[in-house]
file my_file35.cif (mmCIF, C-alpha atoms)
data_run
loop_
_atom_site.label_atom_id
_atom_site.label_comp_id
_atom_site.auth_asym_id
_atom_site.auth_seq_id
_atom_site.Cartn_x
_atom_site.Cartn_y
_atom_site.Cartn_z
CA MET A 1 36.78 -28.66 -12.98
CA ALA A 2 36.79 -26.42 -9.89
CA GLY A 3 36.12 -23.15 -11.76
CA GLU A 4 33.28 -24.47 -13.91
CA ARG A 5 29.94 -22.64 -13.61
CA ASP A 6 26.65 -24.27 -12.84
CA ARG A 7 24.63 -24.45 -16.07
CA ASP A 8 21.02 -25.25 -16.93
CA THR A 9 19.95 -27.88 -19.47
CA THR A 10 20.43 -25.43 -22.36
CA GLY A 11 23.99 -24.61 -21.27
CA ARG A 12 23.07 -21.17 -19.92
CA ALA A 13 25.10 -20.14 -16.87
CA ARG A 14 23.24 -20.07 -13.56
CA ASN A 15 24.36 -18.57 -10.32
CA ALA A 16 23.76 -21.24 -7.74
CA ARG A 17 25.62 -19.38 -4.99
CA PRO A 18 23.46 -18.39 -2.06
CA ARG A 19 22.77 -14.67 -1.64
CA ASP A 20 21.97 -12.45 1.30
CA GLU A 21 18.79 -10.35 1.58
CA LEU A 22 20.41 -7.61 -0.52
CA GLY A 23 21.38 -10.03 -3.30
CA ARG A 24 25.08 -10.13 -2.46
CA PRO A 25 26.72 -13.52 -3.12
CA LEU A 26 27.63 -15.55 -0.07
CA ALA A 27 30.22 -18.29 0.24
CA LYS A 28 29.15 -21.65 -1.16
CA GLY A 29 27.61 -23.80 1.53
CA THR A 30 26.29 -20.75 3.41
CA GLU A 31 22.55 -20.45 3.93
CA GLY A 32 21.11 -17.53 1.97
CA VAL A 33 17.63 -16.12 1.54
CA GLU A 34 15.14 -17.84 -0.72
CA ARG A 35 15.26 -16.59 -4.29
CA PRO A 36 12.65 -16.71 -7.03
CA PRO A 37 13.31 -19.46 -9.58
CA GLU A 38 15.54 -18.27 -12.45
CA ASP A 39 12.89 -19.17 -15.02
CA LEU A 40 10.01 -17.44 -13.19
CA ALA A 41 7.76 -15.56 -15.61
CA LEU A 42 4.57 -14.46 -13.89
CA PRO A 43 1.62 -12.80 -15.61
CA PRO A 44 1.69 -8.99 -15.18
CA LEU A 45 -0.68 -8.63 -12.22
CA ASP A 46 0.90 -11.55 -10.36
CA SER A 47 4.36 -10.12 -11.02
CA LEU A 48 3.35 -6.67 -9.76
CA ALA A 49 1.75 -8.12 -6.61
CA GLU A 50 4.75 -10.34 -5.83
CA ALA A 51 7.26 -7.57 -6.55
CA GLN A 52 5.30 -5.14 -4.35
CA SER A 53 5.24 -7.65 -1.51
CA LEU A 54 9.01 -8.10 -1.80
CA LEU A 55 9.61 -4.32 -1.94
CA ASP A 56 7.38 -3.86 1.10
CA SER A 57 9.48 -6.39 3.03
CA GLY A 58 12.78 -4.72 2.06
CA ARG A 59 13.76 -7.36 -0.51
CA ALA A 60 14.31 -5.20 -3.59
CA PHE A 61 16.84 -7.59 -5.12
CA GLN A 62 14.27 -10.39 -5.14
CA ALA A 63 11.64 -7.96 -6.50
CA HIS A 64 14.05 -7.23 -9.34
CA GLU A 65 14.32 -10.94 -10.13
CA VAL A 66 10.51 -11.27 -10.28
CA LEU A 67 10.19 -8.21 -12.55
CA GLU A 68 13.09 -9.37 -14.71
CA GLY A 69 11.33 -12.67 -15.37
CA THR A 70 8.23 -10.80 -16.54
CA TRP A 71 10.38 -8.45 -18.64
CA LYS A 72 12.00 -11.37 -20.45
CA ALA A 73 8.61 -13.00 -21.13
CA ALA A 74 6.73 -9.79 -21.99
CA PRO A 75 5.48 -9.01 -25.47
CA SER A 76 7.96 -6.82 -27.33
CA ALA A 77 5.67 -3.76 -27.02
CA GLU A 78 5.94 -3.89 -23.19
CA ARG A 79 9.50 -5.13 -22.72
CA ASP A 80 11.00 -1.72 -21.99
CA LEU A 81 8.28 -1.03 -19.43
CA TRP A 82 9.11 -4.20 -17.49
CA ARG A 83 12.83 -3.57 -17.88
CA GLY A 84 12.31 -0.13 -16.37
CA LEU A 85 10.35 -1.61 -13.46
CA ALA A 86 13.19 -4.07 -12.85
CA GLN A 87 15.61 -1.13 -12.90
CA PHE A 88 13.60 0.57 -10.13
CA ALA A 89 14.19 -2.47 -7.94
CA VAL A 90 17.89 -2.60 -8.84
CA GLY A 91 18.21 1.10 -8.01
CA ILE A 92 16.67 0.46 -4.60
CA THR A 93 19.00 -2.51 -4.14
CA HIS A 94 22.03 -0.30 -4.82
CA ALA A 95 20.79 2.25 -2.29
CA GLN A 96 20.25 -0.51 0.29
CA ARG A 97 23.83 -1.63 -0.30
CA GLY A 98 25.14 1.93 0.19
CA ASN A 99 25.88 2.70 -3.48
CA THR A 100 23.95 5.95 -3.67
CA VAL A 101 25.60 7.14 -6.91
CA GLY A 102 24.63 3.95 -8.76
CA ALA A 103 21.20 3.98 -7.14
CA ALA A 104 20.43 7.52 -8.30
CA ARG A 105 21.58 6.75 -11.85
CA LEU A 106 19.47 3.58 -12.07
CA LEU A 107 16.39 5.28 -10.64
CA ARG A 108 16.67 8.07 -13.22
CA ARG A 109 17.25 5.53 -16.00
CA ALA A 110 14.19 3.57 -14.83
CA ALA A 111 12.06 6.74 -14.83
CA ASP A 112 13.20 7.58 -18.36
CA ARG A 113 12.56 4.03 -19.58
CA ILE A 114 8.94 3.87 -18.36
CA SER A 115 8.02 7.46 -19.30
CA PRO A 116 6.56 6.48 -22.72
CA TRP A 117 3.71 4.76 -20.81
CA SER A 118 2.81 7.81 -18.70
CA ALA A 119 -0.27 8.71 -20.77
CA ASP A 120 -1.70 5.18 -20.94
CA PRO A 121 -0.16 2.87 -18.33
CA PRO A 122 -1.05 -0.81 -18.67
CA HIS A 123 -1.92 -3.20 -15.82
CA GLY A 124 -2.73 -0.37 -13.39
CA ILE A 125 0.95 0.56 -13.11
CA ASP A 126 1.40 3.97 -11.51
CA VAL A 127 3.87 5.20 -14.11
CA ASN A 128 3.62 8.88 -13.14
CA GLY A 129 3.89 8.08 -9.43
CA LEU A 130 6.93 5.87 -10.05
CA ILE A 131 8.61 8.55 -12.13
CA SER A 132 8.00 11.14 -9.41
CA TRP A 133 9.23 8.74 -6.68
CA ALA A 134 12.35 7.85 -8.66
CA VAL A 135 13.33 11.45 -9.42
CA SER A 136 12.71 12.71 -5.88
CA THR A 137 14.50 9.70 -4.39
CA ALA A 138 17.47 10.15 -6.75
CA ASP A 139 17.60 13.85 -5.80
CA GLY A 140 17.52 12.90 -2.11
CA LEU A 141 20.22 10.26 -2.48
CA GLU A 142 22.45 12.77 -4.27
CA ALA A 143 21.83 15.26 -1.45
CA GLY A 144 22.91 12.70 1.14
CA ASP A 145 19.48 11.56 2.26
CA GLY A 146 18.72 7.87 2.54
CA LEU A 147 15.94 5.91 0.92
CA PRO A 148 12.40 7.00 1.82
CA ALA A 149 10.85 4.95 4.61
CA SER A 150 8.22 3.55 2.25
CA PRO A 151 8.99 1.76 -0.99
CA PRO A 152 7.37 2.96 -4.20
CA ARG A 153 3.86 1.77 -5.05
CA LEU A 154 3.95 -0.06 -8.37
CA THR A 155 0.23 0.26 -9.04
CA LEU A 156 -2.41 2.95 -8.69
CA SER A 157 -4.53 0.74 -6.47
CA THR A 158 -4.29 -2.58 -4.77
CA LEU A 159 -4.64 -5.09 -7.57
CA GLU A 160 -5.56 -8.68 -7.05
CA ALA A 161 -3.38 -11.31 -8.65
CA SER A 162 -4.90 -12.69 -11.82
CA ASP A 163 -6.98 -15.81 -11.49
CA GLY A 164 -6.22 -17.22 -14.89
CA PRO A 165 -6.75 -16.70 -18.60
CA GLY A 166 -8.26 -13.43 -19.63
CA ALA A 167 -7.22 -11.58 -16.49
CA GLU A 168 -5.11 -8.52 -17.22
#

call {"tool": "encode", "arguments": {"input": "my_file35.cif", "output": "structure tokens"}}
result
Amino acid sequence: MAGERDRDTTGRARNARPRDELGRPLAKGTEGVERPPEDLALPPLDSLAEAQSLLDSGRAFQAHEVLEGTWKAAPSAERDLWRGLAQFAVGITHAQRGNTVGAARLLRRAADRISPWSADPPHGIDVNGLISWAVSTADGLEAGDGLPASPPRLTLSTLEASDGPGAE
């Protein structure tokens, strides 16, 4: 059937259409940018490092996909934290696409979602810095400014990707 969606082995819908660097769907058969695998679930430090690299290269949509995979695999106590981090990347994606109203809303929602971790952030995540960046960026977007030249820093310091079991 022509309108049937691509599905994985469990019957879950997949989006096999290629996408541009901002995550917008392209016509089938068009060459898009490489995307993280749909089932990617990296350990926290690896996820943060990969997402930061993608943010640094202007690929916030792909950073969102990396963070979303970690969110879906995270222990329940950290799920909202990872969901909030993914929302940061989606907010940046909306701003990159020119949707400043949606971007500002998502950045504020992301800041609210991660705020419970401000006193004791896990995995070296710079929760307070991200909240500050999100609020000031949302304010700037609402005032007609563009995105800051530098993406947010997800961690307090440069963290190395984990080398295996036991690494946090």

call {"tool": "closest_residue", "arguments": {"input": "my_file35.cif", "among": "A:Ala134, A:Ala60, A:Ala73, A:Ala103", "to": "Ala86 in chain A", "atoms": "all atoms listed in the file"}}
result
A:Ala60

call {"tool": "closest_residue", "arguments": {"input": "my_file35.cif", "among": "A:Ala119, A:Val90, A:Ala104, A:Leu67", "to": "Gln52 in chain A", "atoms": "all atoms listed in the file"}}
result
A:Leu67

call {"tool": "residues_around", "arguments": {"input": "my_file35.cif", "residues": "range 92-95 of chain A", "least_positions_apart": "5", "cutoff": "10 Å", "atoms": "all atoms listed in the file", "output": "list in words"}}
result
Glu21, Leu22, Gly23, Arg24, Leu55, Gly58, Arg59, Ala60, Phe61, Gln62, Ala63, His64, Gln87, Thr100, Val101, Gly102, Ala103, Ala104, Arg105, Leu106, Leu107, Ala134, Thr137, Ala138, Leu141, Gly146, Leu147, Pro151 and Pro152 of chain A

call {"tool": "closest_residue", "arguments": {"input": "my_file35.cif", "among": "A:Ser53, A:Ser47, A:Gln96, A:Ser136", "to": "Thr70 in chain A", "atoms": "all atoms listed in the file"}}
result
A:Ser47

call {"tool": "resolve_selection", "arguments": {"input": "my_file35.cif", "expression": "the PyMOL selection byres ((chain A and resi 124) around 9)", "output": "list in words"}}
result
Leu45, Pro121, Pro122, His123, Ile125, Asp126, Val127, Leu154, Thr155, Leu156, Ser157 and Leu159 of chain A

call {"tool": "atom_distance", "arguments": {"input": "my_file35.cif", "atom1": "CA of Leu42 in chain A", "atom2": "CA of Ala74 in chain A"}}
result
9.6 Å

call {"tool": "closest_residue", "arguments": {"input": "my_file35.cif", "among": "A:Gly91, A:Gly140, A:Gly84, A:Pro148", "to": "Trp117 in chain A", "atoms": "only C-alpha atoms"}}
result
A:Gly84

call {"tool": "atom_distance", "arguments": {"input": "my_file35.cif", "atom1": "CA of Pro116 in chain A", "atom2": "CA of Gly69 in chain A"}}
result
21.1 Å

call {"tool": "residues_around", "arguments": {"input": "my_file35.cif", "residues": "Glu68 in chain A", "least_positions_apart": "6", "cutoff": "9 Å", "atoms": "all atoms listed in the file", "output": "PyMOL selection string"}}
result
chain A and resi 40-41+82-83+85-87

call {"tool": "closest_residue", "arguments": {"input": "my_file35.cif", "among": "A:Arg153, A:Pro43, A:Gly29, A:Gly144", "to": "Gly98 in chain A", "atoms": "all atoms listed in the file"}}
result
A:Gly144

call {"tool": "atom_distance", "arguments": {"input": "my_file35.cif", "atom1": "CA of Ser76 in chain A", "atom2": "CA of Arg108 in chain A"}}
result
22.3 Å
